[in-house]
Amino acid sequence: MKLFVDNLTNVDFSYLHPQRGLLGESWLVQLVLDGRLNDQGMICDFGIVKKAVKAWMDKHIDHALLVATGLPRLQHARQDGETRIDWLYPDGRHFYCRSPEQAITLVGEPDINPHTLAVWCKEQLLALFPDEVQGLELAFVPERIDGAFYHYSHGLHQHDGNCQRIAHGHRSKIEIHLDDQREEALEAIWGERLRDIYIGTRSHLIGEADGMHHYRYDAPQGEFELKLPAQYCYVIDTETTVEQIAQHLAVAIKQEHPDSDVQVRAFEGVGKGAIAIA
């Protein structure tokens, strides 16, 4: 007997890609439990399944930076409640992140993809369930997006929750209307401009030298620091909430199309986002 839960939750996170570097992602979580029936005629109560898996995902995956420990050119260390990541891009450029340890998850795999992450999570999740549950299948599934989208990472200095983490991210759709007409070509242009991007807040940018950006801030969870090549950064004047990102894009597009009414629907991961008009 098997029990399945489709779209149990979704996780928004960033990870280090072996070629592309810091990459924001949003994946749906699919789960199948294999086992025998208990005295109540069920493998496990759906409420228990959903609560346990979501809590684990929220703690270890969601709004975290995931780093595969088998990644080439990687050095990592944990000390005094912090995790430090040093990594080199294939061309030798440098990536550095220092965060409270709960903000960075070290994954014992050669790289991060839906399959390797599911394998790494599987045994840890199986331990959450009663003896009737004898097997578990887990799948991470990217949202199907037919139009333009972009991968972005960011951190919200003023947020009380896990959004304060300096390098978490999303894979997000973007929809642009000019004078109430959908502009898919313009969406593709902005999707490419923001491809594999770190959206930074100007007040967090404490240094620009040798083609690198250096960000740092203090937040309730601790001190956060990030260094990466400037070509992968897009700096705005405000905090990088989805509301402020949508407003920034609407104003920027209005400057390019001053005679049109502009509406931007900027998504933050799966099924949520903000609308801005200029």
# chains A, B, ... in the order shown; residues from 1 in each chain; ligands from 1
call {"tool": "select_by_dssp", "arguments": {"residues": "segment 39-250 of chain A", "states": "strand (DSSP E or B)", "output": "PyMOL selection string"}}
result
chain A and resi 65-68+74-79+82-88+94-100+104-107+133-142+149-154+168-178+181-182+197-201+205-209+212-219+222-229+233-236
call {"tool": "select_by_dssp", "arguments": {"residues": "segment 12-237 of chain A", "states": "helix (DSSP H, G or I)", "output": "ChimeraX atom specification"}}
result
/A:46-60,101-103,114-126,162-164,184-193,202-204,230-232
call {"tool": "atom_distance", "arguments": {"atom1": "atom CA of His63 of chain A", "atom2": "atom CA of Asp146 of chain A"}}
result
24.7 Å
call {"tool": "atom_distance", "arguments": {"atom1": "atom CA of Leu194 of chain A", "atom2": "atom CA of Leu88 of chain A"}}
result
21.6 Å
call {"tool": "closest_residue", "arguments": {"among": "A:Leu74, A:Ala139, A:Ile85, A:Gln19", "to": "Leu31 of chain A", "atoms": "only C-alpha atoms"}}
result
A:Ala139
call {"tool": "closest_residue", "arguments": {"among": "A:Gln231, A:Ser99, A:Thr116, A:Gln181", "to": "Arg165 of chain A", "atoms": "only C-alpha atoms"}}
result
A:Ser99
call {"tool": "atom_distance", "arguments": {"atom1": "atom CA of Gly191 of chain A", "atom2": "atom CA of Tyr150 of chain A"}}
result
5.0 Å
call {"tool": "residues_around", "arguments": {"residues": "segment 234-237 of chain A", "least_positions_apart": "4", "cutoff": "9 Å", "atoms": "only C-alpha atoms", "output": "JSON, numbers by chain"}}
result
{"A": [194, 197, 198, 199, 200, 201, 202, 203, 205, 230, 244, 245, 248]}
call {"tool": "write_last_selection", "arguments": {"atoms": "C-alpha atoms", "output": "compact mmCIF listing (two decimals), in the first residue's frame"}}
result
# COMPACT_ATOMS: atom_id res chain seq x y z
CA LEU A 194 17.94 39.07 -14.47
CA ILE A 197 21.23 37.30 -10.64
CA TYR A 198 21.82 38.47 -7.09
CA ILE A 199 19.49 41.41 -6.39
CA GLY A 200 21.26 43.51 -3.76
CA THR A 201 20.25 46.52 -1.69
CA ARG A 202 22.56 49.49 -2.19
CA SER A 203 22.95 50.16 1.54
CA LEU A 205 26.88 47.01 -0.64
CA ALA A 230 29.70 42.22 -9.98
CA GLN A 244 9.95 46.63 -4.19
CA ILE A 245 11.32 44.53 -7.04
CA HIS A 248 11.57 48.98 -9.45
call {"tool": "closest_residue", "arguments": {"among": "A:Leu16, A:Leu186, A:Ala219, A:Val141", "to": "His257 of chain A", "atoms": "only C-alpha atoms"}}
result
A:Leu186
call {"tool": "closest_residue", "arguments": {"among": "A:Glu268, A:Glu187, A:Glu143, A:Glu256", "to": "Asn7 of chain A", "atoms": "only C-alpha atoms"}}
result
A:Glu143
call {"tool": "closest_residue", "arguments": {"among": "A:Val49, A:Ala278, A:Val67, A:Cys233", "to": "Leu128 of chain A", "atoms": "only C-alpha atoms"}}
result
A:Val49
call {"tool": "closest_residue", "arguments": {"among": "A:Glu225, A:Asp34, A:Glu123, A:Glu192", "to": "Val5 of chain A", "atoms": "only C-alpha atoms"}}
result
A:Asp34
call {"tool": "residues_around", "arguments": {"residues": "Thr241 of chain A", "least_positions_apart": "3", "cutoff": "10 Å", "atoms": "only C-alpha atoms", "output": "ChimeraX atom specification"}}
result
/A:154-156,159,163,199,238,244-247,268,273-274
call {"tool": "residues_around", "arguments": {"residues": "Arg78 of chain A", "least_positions_apart": "3", "cutoff": "12 Å", "atoms": "only C-alpha atoms", "output": "list in words"}}
result
Gln75, Gly81, Glu82, Thr83, Arg84, Ile85, Asp86, Cys97, Arg98, Ser99, Pro100, Glu101, Gln102, Ala103, Ile104, Thr105 and Leu106 of chain A
call {"tool": "residues_around", "arguments": {"residues": "Ala188 of chain A", "least_positions_apart": "4", "cutoff": "8 Å", "atoms": "only C-alpha atoms", "output": "PyMOL selection string"}}
result
chain A and resi 147-149+184+192
call {"tool": "write_last_selection", "arguments": {"atoms": "all heavy atoms", "output": "tab-separated table (two decimals), in the first residue's frame"}}
result
chain	number	residue	atom	x	y	z
A	147	GLY	N	6.36	30.87	-20.17
A	147	GLY	CA	6.89	32.15	-20.62
A	147	GLY	C	8.23	32.47	-19.97
A	147	GLY	O	9.00	31.59	-19.59
A	148	ALA	N	8.50	33.76	-19.82
A	148	ALA	CA	9.78	34.23	-19.28
A	148	ALA	C	9.85	34.03	-17.77
A	148	ALA	O	8.84	34.11	-17.06
A	148	ALA	CB	9.98	35.70	-19.62
A	149	PHE	N	11.04	33.76	-17.30
A	149	PHE	CA	11.28	33.67	-15.86
A	149	PHE	C	12.74	33.99	-15.60
A	149	PHE	O	13.56	34.07	-16.52
A	149	PHE	CB	10.94	32.28	-15.32
A	149	PHE	CG	11.80	31.17	-15.84
A	149	PHE	CD1	12.98	30.81	-15.21
A	149	PHE	CD2	11.44	30.48	-17.00
A	149	PHE	CE1	13.77	29.80	-15.70
A	149	PHE	CE2	12.23	29.46	-17.49
A	149	PHE	CZ	13.40	29.11	-16.84
A	184	GLU	N	5.23	39.78	-24.31
A	184	GLU	CA	6.07	38.63	-24.04
A	184	GLU	C	7.52	38.86	-24.47
A	184	GLU	O	8.46	38.34	-23.84
A	184	GLU	CB	5.50	37.38	-24.72
A	184	GLU	CG	4.17	36.96	-24.12
A	184	GLU	CD	3.64	35.67	-24.70
A	184	GLU	OE1	4.30	35.10	-25.61
A	184	GLU	OE2	2.56	35.21	-24.27
A	192	GLU	N	16.11	37.72	-19.27
A	192	GLU	CA	17.53	37.53	-19.58
A	192	GLU	C	18.40	38.50	-18.78
A	192	GLU	O	19.48	38.14	-18.32
A	192	GLU	CB	17.76	37.72	-21.08
A	192	GLU	CG	19.19	37.46	-21.53
A	192	GLU	CD	19.67	36.06	-21.23
A	192	GLU	OE1	18.85	35.12	-21.18
A	192	GLU	OE2	20.90	35.89	-21.05
